[in-house]
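Asks: Next comes target00.cif, mmCIF, C-alpha atoms:
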```cif
data_final
#
loop_
_atom_site.label_atom_id
_atom_site.label_comp_id
_atom_site.auth_asym_id
_atom_site.auth_seq_id
_atom_site.Cartn_x
_atom_site.Cartn_y
_atom_site.Cartn_z
CA MET A 212 -13.29 11.23 -9.37
CA ASN A 213 -16.83 9.90 -9.07
CA LEU A 214 -17.48 6.16 -8.75
CA LEU A 215 -17.65 5.37 -12.47
CA GLU A 216 -14.56 7.47 -13.24
CA GLU A 217 -12.68 5.67 -10.45
CA LEU A 218 -13.69 2.25 -11.78
CA LYS A 219 -12.73 3.21 -15.33
CA TRP A 220 -9.30 4.47 -14.27
CA ARG A 221 -8.69 1.25 -12.36
CA GLY A 222 -9.74 -0.87 -15.34
CA MET A 223 -12.64 -2.32 -13.36
CA TYR A 224 -15.56 -0.90 -15.34
CA HIS A 225 -17.25 -2.96 -18.04
CA ASP A 226 -20.78 -1.66 -18.63
CA ALA A 227 -23.74 0.11 -17.03
CA MET A 228 -27.35 0.71 -17.90
CA PRO A 229 -28.18 4.17 -19.27
CA GLY A 230 -28.78 6.62 -16.43
CA THR A 231 -26.62 4.77 -13.87
CA ALA A 232 -24.06 7.56 -13.57
CA GLU A 233 -26.79 10.18 -13.10
CA HIS A 234 -28.55 7.99 -10.54
CA LEU A 235 -25.36 7.60 -8.50
CA ALA A 236 -24.73 11.32 -8.66
CA SER A 237 -28.21 12.45 -7.66
CA ALA A 238 -29.53 9.88 -5.21
CA ALA A 239 -26.80 9.39 -2.59
CA PRO A 240 -26.59 7.22 -0.71
CA VAL A 241 -27.56 4.59 -3.29
CA SER A 242 -27.94 1.03 -2.00
CA GLY A 243 -26.18 -1.36 -4.37
CA TYR A 244 -25.71 -5.08 -4.01
CA ILE A 245 -23.58 -7.96 -5.23
CA GLY A 246 -24.42 -11.62 -4.74
CA PHE A 247 -21.85 -14.15 -3.50
CA ASP A 248 -22.16 -17.87 -4.14
CA PRO A 249 -21.70 -19.87 -0.89
CA THR A 250 -20.75 -23.16 -2.57
CA ALA A 251 -17.25 -23.04 -1.01
CA ALA A 252 -16.11 -22.38 2.55
CA SER A 253 -14.11 -19.36 1.43
CA LEU A 254 -14.12 -16.60 -1.15
CA HIS A 255 -11.21 -16.48 -3.61
CA ILE A 256 -9.21 -13.97 -5.64
CA GLY A 257 -11.89 -13.79 -8.32
CA ASN A 258 -14.44 -12.81 -5.66
CA LEU A 259 -12.05 -10.18 -4.33
CA ALA A 260 -12.37 -8.24 -7.57
CA THR A 261 -16.15 -7.98 -7.07
CA ILE A 262 -15.74 -7.21 -3.37
CA MET A 263 -13.65 -4.23 -4.47
CA LEU A 264 -16.66 -2.96 -6.44
CA LEU A 265 -18.56 -2.81 -3.14
CA VAL A 266 -15.58 -1.20 -1.41
CA HIS A 267 -15.47 1.60 -3.99
CA LEU A 268 -19.25 1.99 -3.77
CA GLN A 269 -18.99 2.55 -0.02
CA ARG A 270 -16.01 4.88 -0.37
CA ALA A 271 -18.06 6.95 -2.83
CA GLY A 272 -20.68 7.56 -0.13
CA HIS A 273 -23.16 4.78 -0.94
CA ARG A 274 -24.42 1.72 0.93
CA PRO A 275 -23.07 -1.73 -0.07
CA VAL A 276 -25.32 -4.75 0.32
CA ALA A 277 -23.69 -8.19 0.21
CA LEU A 278 -26.11 -10.97 -0.60
CA VAL A 279 -25.10 -14.49 0.31
CA GLY A 280 -27.05 -16.86 -1.92
CA GLY A 281 -28.18 -19.44 0.59
CA ALA A 282 -31.12 -20.33 -1.66
CA THR A 283 -29.64 -19.82 -5.12
CA GLY A 284 -26.46 -21.58 -3.97
CA MET A 285 -28.55 -24.74 -3.77
CA ILE A 286 -29.27 -24.43 -7.50
CA GLY A 287 -26.24 -23.00 -9.26
CA ASP A 288 -25.64 -20.17 -11.69
CA PRO A 289 -25.04 -21.34 -15.28
CA SER A 290 -23.07 -18.19 -16.17
CA GLY A 291 -19.58 -19.05 -17.36
CA LYS A 292 -20.08 -22.77 -16.81
CA SER A 293 -20.38 -25.60 -19.29
CA ALA A 294 -21.83 -28.29 -17.04
CA GLU A 295 -24.34 -28.78 -14.25
CA ARG A 296 -22.96 -28.14 -10.79
CA ASN A 297 -23.25 -30.39 -7.76
CA LEU A 298 -25.86 -29.18 -5.27
CA LEU A 299 -25.03 -28.66 -1.60
CA ASP A 300 -27.09 -29.38 1.50
CA GLU A 301 -28.31 -26.58 3.77
CA THR A 302 -25.89 -27.39 6.62
CA THR A 303 -22.86 -27.06 4.35
CA LEU A 304 -24.20 -23.85 2.84
CA ARG A 305 -24.81 -22.30 6.27
CA ALA A 306 -21.24 -23.09 7.33
CA ASN A 307 -19.93 -21.56 4.11
CA GLN A 308 -22.01 -18.42 4.64
CA ALA A 309 -20.50 -17.85 8.09
CA GLY A 310 -16.99 -17.98 6.65
CA ILE A 311 -17.89 -15.60 3.83
CA ARG A 312 -19.33 -13.01 6.23
CA ALA A 313 -16.13 -13.02 8.28
CA GLN A 314 -14.11 -12.37 5.12
CA LEU A 315 -16.38 -9.57 3.91
CA GLU A 316 -16.01 -7.81 7.25
CA LYS A 317 -12.31 -7.27 6.48
CA PHE A 318 -13.20 -5.03 3.54
CA LEU A 319 -16.55 -3.40 4.30
CA GLU A 320 -17.72 -1.27 7.22
CA PHE A 321 -20.80 -2.97 8.69
CA ASN A 322 -22.71 -0.48 10.84
CA ASP A 323 -26.09 1.27 11.16
CA SER A 324 -25.09 4.45 9.33
CA PRO A 325 -26.66 5.39 5.97
CA THR A 326 -23.56 4.00 4.23
CA GLY A 327 -23.02 1.03 6.54
CA ALA A 328 -22.77 -2.32 4.76
CA VAL A 329 -25.59 -4.83 5.07
CA LEU A 330 -25.43 -8.61 4.75
CA VAL A 331 -28.51 -10.52 3.61
CA ASN A 332 -29.25 -14.15 2.77
CA ASN A 333 -31.80 -14.92 0.07
CA TYR A 334 -32.71 -18.17 1.80
CA ASP A 335 -34.56 -16.00 4.32
CA TRP A 336 -37.16 -14.91 1.74
CA PHE A 337 -37.16 -17.99 -0.47
CA LYS A 338 -37.54 -20.65 2.24
CA ASP A 339 -41.30 -20.07 2.62
CA PHE A 340 -41.99 -19.28 -1.04
CA SER A 341 -43.98 -22.18 -2.55
CA PHE A 342 -43.23 -23.41 -6.04
CA LEU A 343 -46.77 -22.63 -7.24
CA GLY A 344 -46.69 -19.24 -5.56
CA PHE A 345 -43.41 -18.33 -7.26
CA LEU A 346 -44.73 -19.37 -10.68
CA ARG A 347 -47.95 -17.40 -10.14
CA ASP A 348 -46.44 -14.23 -8.65
CA VAL A 349 -43.07 -14.04 -10.44
CA GLY A 350 -42.69 -16.53 -13.27
CA LYS A 351 -45.57 -15.24 -15.35
CA HIS A 352 -43.92 -11.84 -15.73
CA LEU A 353 -41.04 -13.06 -17.93
CA THR A 354 -41.40 -15.01 -21.16
CA VAL A 355 -39.32 -18.07 -22.03
CA ASN A 356 -38.19 -16.17 -25.13
CA TYR A 357 -36.77 -13.40 -22.92
CA MET A 358 -34.97 -15.88 -20.67
CA MET A 359 -33.55 -17.91 -23.58
CA ALA A 360 -32.08 -14.79 -25.15
CA LYS A 361 -29.56 -14.46 -22.31
CA ASP A 362 -26.00 -15.41 -23.27
CA SER A 363 -25.57 -17.65 -20.20
CA VAL A 364 -28.52 -19.74 -21.41
CA LYS A 365 -27.76 -19.65 -25.14
CA ARG A 366 -24.28 -21.06 -24.57
CA ARG A 367 -25.78 -24.08 -22.82
CA ILE A 368 -29.11 -24.59 -24.56
CA GLY A 369 -27.64 -26.39 -27.57
CA GLY A 370 -26.36 -29.33 -25.53
CA SER A 371 -27.80 -32.78 -26.14
CA GLU A 372 -29.30 -34.81 -23.33
CA ASP A 373 -27.28 -37.80 -22.20
CA ALA A 374 -28.59 -41.30 -21.51
CA ALA A 375 -29.34 -40.46 -17.90
CA GLY A 376 -31.45 -37.46 -18.93
CA THR A 377 -29.29 -35.04 -17.01
CA GLY A 378 -28.75 -32.57 -19.84
CA GLY A 379 -25.35 -33.84 -20.96
CA SER A 380 -22.10 -31.96 -20.65
CA GLU A 381 -23.32 -28.87 -22.52
CA GLY A 382 -27.06 -28.78 -21.89
CA ILE A 383 -28.87 -26.90 -19.18
CA SER A 384 -31.37 -28.27 -16.69
CA TYR A 385 -34.59 -26.48 -15.76
CA THR A 386 -32.97 -25.94 -12.35
CA GLU A 387 -30.18 -23.79 -13.75
CA PHE A 388 -32.44 -22.27 -16.42
CA SER A 389 -34.58 -20.84 -13.60
CA TYR A 390 -31.57 -19.27 -11.87
CA GLN A 391 -31.91 -15.89 -13.59
CA LEU A 392 -35.54 -15.69 -12.45
CA LEU A 393 -34.52 -16.32 -8.85
CA GLN A 394 -31.69 -13.80 -9.00
CA GLY A 395 -34.05 -11.33 -10.63
CA TYR A 396 -36.47 -11.76 -7.74
CA ASP A 397 -33.61 -11.12 -5.30
CA PHE A 398 -33.18 -7.70 -6.87
CA PHE A 399 -36.92 -7.02 -6.68
CA HIS A 400 -37.04 -8.10 -3.01
CA LEU A 401 -34.08 -5.88 -2.08
CA TYR A 402 -35.58 -3.02 -4.09
CA LYS A 403 -38.84 -3.24 -2.15
CA ASN A 404 -37.40 -3.94 1.30
CA LEU A 405 -34.03 -2.15 1.37
CA GLY A 406 -34.51 0.48 -1.32
CA CYS A 407 -31.76 -1.22 -3.33
CA THR A 408 -31.67 0.38 -6.79
CA LEU A 409 -28.36 -0.94 -8.13
CA GLN A 410 -26.96 -4.40 -8.70
CA MET A 411 -23.31 -4.93 -9.54
CA GLY A 412 -21.27 -7.95 -10.54
CA ALA A 413 -18.75 -9.33 -13.01
CA SER A 414 -19.45 -8.85 -16.71
CA ASP A 415 -20.72 -12.44 -17.08
CA GLN A 416 -23.59 -11.51 -14.73
CA TRP A 417 -25.08 -8.88 -17.05
CA GLY A 418 -27.94 -11.11 -18.19
CA ASN A 419 -28.96 -12.09 -14.66
CA ILE A 420 -28.73 -8.49 -13.43
CA THR A 421 -30.82 -7.03 -16.22
CA THR A 422 -33.44 -9.72 -15.59
CA GLY A 423 -33.77 -8.15 -12.15
CA THR A 424 -34.20 -4.65 -13.52
CA GLU A 425 -36.86 -5.97 -15.91
CA LEU A 426 -38.74 -7.70 -13.07
CA ILE A 427 -38.70 -4.50 -11.04
CA ARG A 428 -40.17 -2.65 -14.01
CA ARG A 429 -42.88 -5.27 -14.60
CA LEU A 430 -43.78 -5.97 -10.96
CA GLY A 431 -43.61 -2.33 -9.92
CA GLY A 432 -45.19 0.79 -11.21
CA PRO A 433 -44.25 3.32 -13.89
CA ASP A 434 -41.86 5.10 -11.52
CA ASP A 435 -40.01 1.95 -10.42
CA LYS A 436 -36.51 2.00 -11.89
CA ALA A 437 -33.35 0.06 -11.09
CA TYR A 438 -29.86 0.03 -12.56
CA ALA A 439 -27.06 -2.39 -13.46
CA LEU A 440 -23.28 -1.97 -13.35
CA THR A 441 -20.76 -4.66 -14.22
CA GLY A 442 -17.01 -4.90 -13.73
CA GLN A 443 -14.38 -6.39 -15.98
CA LEU A 444 -13.48 -10.04 -15.51
CA ILE A 445 -9.90 -10.17 -14.26
CA THR A 446 -7.72 -11.93 -16.79
CA LYS A 447 -4.00 -12.11 -17.45
CA ALA A 448 -2.36 -10.27 -20.33
CA ASP A 449 -2.58 -13.45 -22.42
CA GLY A 450 -6.36 -13.60 -21.88
CA THR A 451 -6.41 -16.54 -19.45
CA LYS A 452 -8.45 -16.41 -16.26
CA TYR A 453 -6.75 -14.84 -13.26
CA GLY A 454 -6.89 -16.34 -9.77
CA LYS A 455 -5.24 -19.74 -10.19
CA SER A 456 -1.77 -20.79 -9.04
CA GLU A 457 0.17 -23.94 -9.80
CA THR A 458 -1.63 -25.60 -6.90
CA GLY A 459 -5.12 -24.39 -7.81
CA THR A 460 -7.50 -21.66 -6.66
CA VAL A 461 -6.06 -18.87 -4.49
CA TRP A 462 -8.42 -18.61 -1.51
CA LEU A 463 -8.83 -15.82 1.03
CA ASP A 464 -8.95 -18.32 3.91
CA PRO A 465 -5.43 -18.89 5.35
CA ALA A 466 -6.32 -22.52 6.07
CA LEU A 467 -6.83 -23.10 2.32
CA THR A 468 -4.13 -20.78 0.93
CA SER A 469 -1.46 -19.83 3.44
CA PRO A 470 -0.40 -16.18 3.75
CA TYR A 471 3.00 -17.16 2.35
CA GLN A 472 1.43 -18.77 -0.75
CA PHE A 473 -0.94 -15.81 -1.07
CA TYR A 474 1.92 -13.30 -0.90
CA GLN A 475 3.98 -15.29 -3.38
CA PHE A 476 1.07 -15.46 -5.82
CA PHE A 477 1.01 -11.68 -6.17
CA LEU A 478 4.80 -11.37 -5.99
CA ARG A 479 5.06 -13.65 -9.04
CA ALA A 480 2.73 -11.48 -11.13
CA GLU A 481 4.06 -10.78 -14.61
CA ASP A 482 5.15 -7.23 -15.41
CA ALA A 483 2.41 -7.12 -18.05
CA ASP A 484 -0.28 -7.93 -15.45
CA ALA A 485 0.95 -6.04 -12.37
CA PRO A 486 -0.17 -2.49 -13.40
CA ARG A 487 -3.78 -3.61 -13.71
CA LEU A 488 -3.69 -5.83 -10.63
CA ILE A 489 -2.44 -3.05 -8.36
CA ARG A 490 -5.31 -0.86 -9.57
CA VAL A 491 -7.96 -3.52 -9.06
CA PHE A 492 -6.89 -5.10 -5.78
CA THR A 493 -5.48 -2.16 -3.82
CA LEU A 494 -6.82 1.22 -2.70
CA LEU A 495 -3.60 3.04 -3.50
CA SER A 496 -4.26 6.39 -5.17
CA GLN A 497 -3.42 7.27 -8.76
CA PRO A 498 -0.33 9.35 -7.78
CA GLU A 499 0.91 6.55 -5.49
CA ILE A 500 0.51 3.87 -8.15
CA GLU A 501 2.11 5.99 -10.86
CA ALA A 502 5.09 6.71 -8.58
CA ILE A 503 5.52 2.99 -7.89
CA GLU A 504 5.32 2.23 -11.62
CA ALA A 505 7.97 4.85 -12.38
CA GLU A 506 10.30 3.38 -9.76
CA HIS A 507 9.63 -0.14 -11.07
CA ALA A 508 10.48 0.92 -14.63
CA GLN A 509 13.96 2.01 -13.54
CA ASN A 510 14.84 -1.52 -12.44
CA PRO A 511 12.13 -4.14 -13.14
CA GLY A 512 14.29 -6.86 -11.62
CA LEU A 513 13.64 -5.45 -8.14
CA LYS A 514 9.91 -6.18 -8.58
CA THR A 515 8.94 -2.89 -6.92
CA LEU A 516 5.45 -3.02 -8.41
CA GLN A 517 4.80 -6.64 -7.43
CA LYS A 518 6.12 -6.09 -3.91
CA ALA A 519 3.82 -3.11 -3.36
CA LEU A 520 0.86 -5.10 -4.71
CA ALA A 521 1.62 -8.20 -2.64
CA LYS A 522 2.16 -6.15 0.53
CA ASP A 523 -1.08 -4.20 0.28
CA VAL A 524 -3.32 -7.16 -0.54
CA THR A 525 -1.71 -9.57 1.96
CA ILE A 526 -2.12 -7.08 4.81
CA ARG A 527 -5.77 -6.40 4.00
CA VAL A 528 -6.73 -10.04 3.43
CA HIS A 529 -4.69 -11.45 6.31
CA SER A 530 -2.79 -9.03 8.59
CA ALA A 531 0.40 -7.01 8.90
CA ALA A 532 1.90 -9.81 11.00
CA ALA A 533 1.04 -12.38 8.32
CA TYR A 534 2.67 -10.16 5.71
CA GLU A 535 5.86 -9.78 7.76
CA ALA A 536 6.00 -13.55 8.25
CA ALA A 537 5.51 -14.13 4.52
CA VAL A 538 8.34 -11.72 3.68
CA ALA A 539 10.62 -13.36 6.24
CA ALA A 540 9.84 -16.77 4.80
CA SER A 541 10.53 -15.50 1.28
CA GLU A 542 13.95 -14.24 2.36
CA VAL A 543 14.95 -17.74 3.46
CA LEU A 544 15.54 -18.79 -0.14
CA PHE A 545 18.07 -15.97 -0.48
CA GLY A 546 19.89 -16.85 2.72
CA LYS A 547 18.62 -13.78 4.56
CA GLY A 548 15.91 -15.28 6.74
CA ASP A 549 15.94 -17.41 9.87
CA LEU A 550 14.94 -20.98 9.05
CA ALA A 551 14.43 -21.77 12.72
CA ALA A 552 11.74 -19.09 12.97
CA LEU A 553 9.44 -20.84 10.46
CA ASP A 554 6.57 -23.00 11.64
CA GLU A 555 6.11 -26.37 9.94
CA ALA A 556 3.36 -25.26 7.55
CA THR A 557 5.41 -22.29 6.34
CA LEU A 558 8.59 -24.35 6.08
CA LEU A 559 6.78 -26.85 3.85
CA ASP A 560 5.26 -23.99 1.84
CA VAL A 561 8.65 -22.38 1.24
CA PHE A 562 10.20 -25.63 0.07
CA ALA A 563 7.13 -27.05 -1.65
CA GLY A 564 8.89 -27.12 -5.00
CA VAL A 565 12.12 -28.82 -3.91
CA PRO A 566 12.83 -32.56 -3.52
CA HIS A 567 11.41 -33.78 -0.20
CA LEU A 568 13.45 -36.81 0.86
CA ARG A 569 12.47 -39.01 3.78
CA VAL A 570 14.98 -41.11 5.73
CA PRO A 571 14.06 -43.35 8.69
CA ARG A 572 15.49 -41.71 11.80
CA ALA A 573 16.53 -45.08 13.25
CA GLU A 574 18.93 -45.60 10.34
CA THR A 575 20.79 -42.34 11.02
CA THR A 576 21.93 -43.06 14.61
CA GLU A 577 25.56 -43.61 13.62
CA MET A 578 25.42 -42.28 10.07
CA PRO A 579 27.88 -39.58 8.91
CA LEU A 580 26.73 -36.63 6.83
CA ALA A 581 28.47 -37.97 3.69
CA VAL A 582 26.30 -41.10 3.72
CA LEU A 583 23.09 -39.15 4.38
CA LEU A 584 23.69 -36.93 1.38
CA SER A 585 24.52 -39.77 -0.98
CA GLU A 586 23.43 -43.43 -0.44
CA ALA A 587 20.81 -42.75 2.26
CA THR A 588 18.94 -40.33 -0.03
CA ASP A 589 19.25 -42.56 -3.12
CA LYS A 590 22.03 -40.32 -4.53
CA LYS A 591 19.45 -37.62 -5.36
CA ILE A 592 21.57 -34.94 -3.70
CA LEU A 593 25.11 -36.15 -4.52
CA PRO A 594 26.26 -39.34 -6.27
CA SER A 595 28.93 -40.43 -3.77
CA ARG A 596 30.59 -39.77 -0.43
CA GLY A 597 33.61 -38.46 -2.31
CA GLU A 598 31.48 -35.80 -4.01
CA VAL A 599 30.10 -34.78 -0.63
CA ARG A 600 33.64 -34.41 0.68
CA LYS A 601 34.72 -32.30 -2.31
CA LEU A 602 31.71 -30.00 -1.96
CA VAL A 603 32.25 -29.51 1.78
CA GLN A 604 35.92 -28.66 1.17
CA ALA A 605 34.85 -26.13 -1.49
CA ASN A 606 32.40 -24.46 0.92
CA GLY A 607 29.59 -25.36 -1.46
CA LEU A 608 27.25 -27.12 0.96
CA SER A 609 24.96 -25.62 3.60
CA ILE A 610 22.77 -27.32 6.18
CA ASN A 611 19.95 -25.30 7.75
CA GLY A 612 21.62 -22.10 6.57
CA GLN A 613 25.06 -22.94 7.97
CA LYS A 614 28.08 -24.06 5.96
CA ALA A 615 28.89 -27.74 6.41
CA THR A 616 32.38 -28.10 7.93
CA SER A 617 32.97 -31.86 7.80
CA PRO A 618 31.56 -34.76 5.76
CA ASP A 619 32.09 -36.96 8.80
CA THR A 620 29.77 -35.02 11.11
CA PRO A 621 27.33 -37.52 12.67
CA VAL A 622 23.75 -36.92 11.56
CA ALA A 623 22.70 -37.33 15.20
CA GLU A 624 24.64 -34.15 16.04
CA LEU A 625 23.03 -31.97 13.37
CA PRO A 626 20.53 -29.39 14.71
CA LEU A 627 17.15 -30.39 13.26
CA LEU A 628 14.45 -27.90 12.34
CA LEU A 629 11.25 -28.65 14.26
CA GLY A 630 12.93 -31.79 15.50
CA LYS A 631 12.96 -33.58 12.12
CA TYR A 632 13.93 -31.44 9.09
CA LEU A 633 17.23 -30.60 7.40
CA VAL A 634 17.36 -28.01 4.63
CA ILE A 635 20.27 -28.81 2.33
CA LYS A 636 21.59 -26.21 -0.10
CA LYS A 637 23.91 -27.32 -2.87
CA GLY A 638 24.90 -24.38 -5.02
CA ARG A 639 21.54 -22.83 -5.93
CA ASN A 640 19.60 -26.05 -5.40
CA PHE A 641 17.66 -26.92 -2.26
CA PHE A 642 16.65 -30.29 -0.81
CA LEU A 643 14.46 -30.98 2.21
CA ILE A 644 15.34 -34.06 4.25
CA GLU A 645 12.83 -35.33 6.79
CA LEU A 646 14.00 -37.80 9.42
CA SER A 647 10.83 -39.84 9.79
#
```
For this file, produce the structure as structure tokens.
Replies:
Amino acid sequence: MNLLEELKWRGMYHDAMPGTAEHLASAAPVSGYIGFDPTAASLHIGNLATIMLLVHLQRAGHRPVALVGGATGMIGDPSGKSAERNLLDETTLRANQAGIRAQLEKFLEFNDSPTGAVLVNNYDWFKDFSFLGFLRDVGKHLTVNYMMAKDSVKRRIGGSEDAAGTGGSEGISYTEFSYQLLQGYDFFHLYKNLGCTLQMGASDQWGNITTGTELIRRLGGPDDKAYALTGQLITKADGTKYGKSETGTVWLDPALTSPYQFYQFFLRAEDADAPRLIRVFTLLSQPEIEAIEAEHAQNPGLKTLQKALAKDVTIRVHSAAAYEAAVAASEVLFGKGDLAALDEATLLDVFAGVPHLRVPRAETTEMPLAVLLSEATDKKILPSRGEVRKLVQANGLSINGQKATSPDTPVAELPLLLGKYLVIKKGRNFFLIELS
């Protein structure tokens, strides 16, 4: 399959300018770029879908260019947004850019070969561009009518200005209105300096990308031609945006979203979403994916499809060791893993959804287990010492993975996890006690 056929099969293709397929077929290696917004310290799952566009571009024998918007990140792209965004200072943006580069290096081959990936920062060419110079050399080539016709602008232009004159919740400031002109100049600059003839992005970037192709046509000569290719926005089967968990955005940085949480996010994918997700986020071949789907269909309860998806993406975003640790942590809930092997962050991740009960350690010096699991924890685990005794006798109570043998066991003699935690299992319910 060629690049466009691959993207279509994976459900990643949305649209392309006429002639894009022919250009990719006849001008290898084509240099194509995608811009990344450095307004956060890490990329997230939504970004990963566009990173995969660059990955497939490189695998098809072309050169990927990743642009970090150090300049445009100070302004903000209005596409897909309903309100003005907070602006960041240069120091914060520079720190964010460094983190983004490290993440991109996990997916793209950066080298000096004809297909080696390149990282650029548009701050480098905008920092010395004067306002008057930009208006004179660039701004005059596009009309306001042309810029207002873009969907990203039309959705915001009807907003009324609030009392502070900031454009209100639905309006658009001149700052964001000018964004497409700046992004268009990025394309022109890369076209002239890196021979970049293709810009890619999510479907909501179509207006900004085609502004770039129009600038290249107007600023260049009759033979100057550039192309646009957009990918599908990744949504769930119900149409809602993909990339959020119960706790918020799923980041690629393990300090923001732990490997365990990351793995679980993909493992919990609905059966209706998993076939598309495994095509978008992995590099598994068509025969491999279809074989996994066939096996999954025989017994969906085993989550064969979700496990293959979660494994592949967790290893590539984090590491094989992080994946193994995430699987081991997941097994804990089924009584198959070793609780003592978990570090504190993972332990808290695993039991994030269970009651976390804190008891002052000093109060447990001579306390028996029956009191700890009733009065000392405000009867949230069991209502009385008698109920604790009955459950112990029925083999229905476990502490740190081991069956409790006596309700009279002193708390001081219980082996604590990490010196302060007890994981209590009552039937199918878990509780986390912390001796603080």
Asks: Quick one: which residues end up in the PyMOL selection byres ((chain A and resi 528-540) around 9) for this structure, as JSON, numbers by chain?
Replies: {"A": [314, 317, 318, 463, 464, 465, 470, 471, 472, 473, 474, 475, 521, 522, 523, 524, 525, 526, 527, 541, 542, 543, 544, 547, 548, 549, 550, 552, 553, 557, 558, 561]}
Asks: Please list as a list in words every residue within 8 Å of A:Leu278, counting only C-alpha atoms and excluding residues in the same chain fewer than 4 positions away.
Replies: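 Using only C-alpha atoms, the neighbours found are Tyr244, Ile245, Gly246, Phe247, Leu330, Val331, Asn332 and Asn333 of chain A.
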Asks: Between A:Lys351, A:Gln410, A:Leu343, A:Phe388, single out the one closest to A:Leu268, counting only C-alpha atoms.
Replies: A:Gln410
Asks: Ranking A:Leu633, A:Leu444, A:His507, A:Pro621 by minimum distance to A:Leu259 and counting all atoms listed in the file, which one comes first?
Replies: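 Of the candidates, the smallest distance to A:Leu259 is held by A:Leu444.
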Asks: Given the file above and the PyMOL selection byres ((chain A and resi 577) around 9), which residues are selected, and can you give them as a compact mmCIF listing (two decimals) with C-alpha atoms, keeping the file's coordinate frame?
Replies:
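Heads up, here's the output in result.txt:
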```txt
# COMPACT_ATOMS: atom_id res chain seq x y z
CA GLU A 574 18.93 -45.60 10.34
CA THR A 575 20.79 -42.34 11.02
CA THR A 576 21.93 -43.06 14.61
CA MET A 578 25.42 -42.28 10.07
CA PRO A 579 27.88 -39.58 8.91
CA PRO A 621 27.33 -37.52 12.67
CA VAL A 622 23.75 -36.92 11.56
CA ALA A 623 22.70 -37.33 15.20
```
Asks: Assuming the input is short of atoms at stretch 559-573 of chain A, produce N, CA and C atoms for that part as a PDB file, keeping the file's coordinate frame.
Replies:
```pdb
ATOM      1  N   LEU A 559       7.181 -25.982   4.956  1.00  0.00           N
ATOM      2  CA  LEU A 559       6.780 -26.850   3.850  1.00  0.00           C
ATOM      3  C   LEU A 559       6.298 -26.027   2.658  1.00  0.00           C
ATOM      4  N   ASP A 560       5.676 -24.890   2.924  1.00  0.00           N
ATOM      5  CA  ASP A 560       5.260 -23.990   1.840  1.00  0.00           C
ATOM      6  C   ASP A 560       6.480 -23.466   1.079  1.00  0.00           C
ATOM      7  N   VAL A 561       7.469 -22.976   1.841  1.00  0.00           N
ATOM      8  CA  VAL A 561       8.650 -22.380   1.240  1.00  0.00           C
ATOM      9  C   VAL A 561       9.381 -23.381   0.345  1.00  0.00           C
ATOM     10  N   PHE A 562       9.438 -24.623   0.810  1.00  0.00           N
ATOM     11  CA  PHE A 562      10.200 -25.630   0.070  1.00  0.00           C
ATOM     12  C   PHE A 562       9.290 -26.634  -0.642  1.00  0.00           C
ATOM     13  N   ALA A 563       8.092 -26.162  -0.994  1.00  0.00           N
ATOM     14  CA  ALA A 563       7.130 -27.050  -1.650  1.00  0.00           C
ATOM     15  C   ALA A 563       7.623 -27.535  -3.008  1.00  0.00           C
ATOM     16  N   GLY A 564       8.457 -26.742  -3.661  1.00  0.00           N
ATOM     17  CA  GLY A 564       8.890 -27.120  -5.000  1.00  0.00           C
ATOM     18  C   GLY A 564      10.230 -27.822  -5.061  1.00  0.00           C
ATOM     19  N   VAL A 565      10.812 -28.153  -3.905  1.00  0.00           N
ATOM     20  CA  VAL A 565      12.120 -28.820  -3.910  1.00  0.00           C
ATOM     21  C   VAL A 565      11.949 -30.292  -3.547  1.00  0.00           C
ATOM     22  N   PRO A 566      12.926 -31.139  -3.889  1.00  0.00           N
ATOM     23  CA  PRO A 566      12.830 -32.560  -3.520  1.00  0.00           C
ATOM     24  C   PRO A 566      12.679 -32.744  -2.016  1.00  0.00           C
ATOM     25  N   HIS A 567      11.674 -33.488  -1.614  1.00  0.00           N
ATOM     26  CA  HIS A 567      11.410 -33.780  -0.200  1.00  0.00           C
ATOM     27  C   HIS A 567      11.776 -35.252   0.016  1.00  0.00           C
ATOM     28  N   LEU A 568      12.894 -35.471   0.696  1.00  0.00           N
ATOM     29  CA  LEU A 568      13.450 -36.810   0.860  1.00  0.00           C
ATOM     30  C   LEU A 568      13.265 -37.286   2.289  1.00  0.00           C
ATOM     31  N   ARG A 569      12.722 -38.475   2.443  1.00  0.00           N
ATOM     32  CA  ARG A 569      12.470 -39.010   3.780  1.00  0.00           C
ATOM     33  C   ARG A 569      13.436 -40.154   4.086  1.00  0.00           C
ATOM     34  N   VAL A 570      14.036 -40.086   5.280  1.00  0.00           N
ATOM     35  CA  VAL A 570      14.980 -41.110   5.730  1.00  0.00           C
ATOM     36  C   VAL A 570      14.561 -41.566   7.115  1.00  0.00           C
ATOM     37  N   PRO A 571      14.421 -42.875   7.346  1.00  0.00           N
ATOM     38  CA  PRO A 571      14.060 -43.350   8.690  1.00  0.00           C
ATOM     39  C   PRO A 571      15.077 -42.891   9.727  1.00  0.00           C
ATOM     40  N   ARG A 572      14.593 -42.254  10.776  1.00  0.00           N
ATOM     41  CA  ARG A 572      15.490 -41.710  11.800  1.00  0.00           C
ATOM     42  C   ARG A 572      16.365 -42.810  12.422  1.00  0.00           C
ATOM     43  N   ALA A 573      15.782 -43.987  12.609  1.00  0.00           N
ATOM     44  CA  ALA A 573      16.530 -45.080  13.250  1.00  0.00           C
ATOM     45  C   ALA A 573      17.781 -45.451  12.470  1.00  0.00           C
TER      46      ALA A 573
END
```
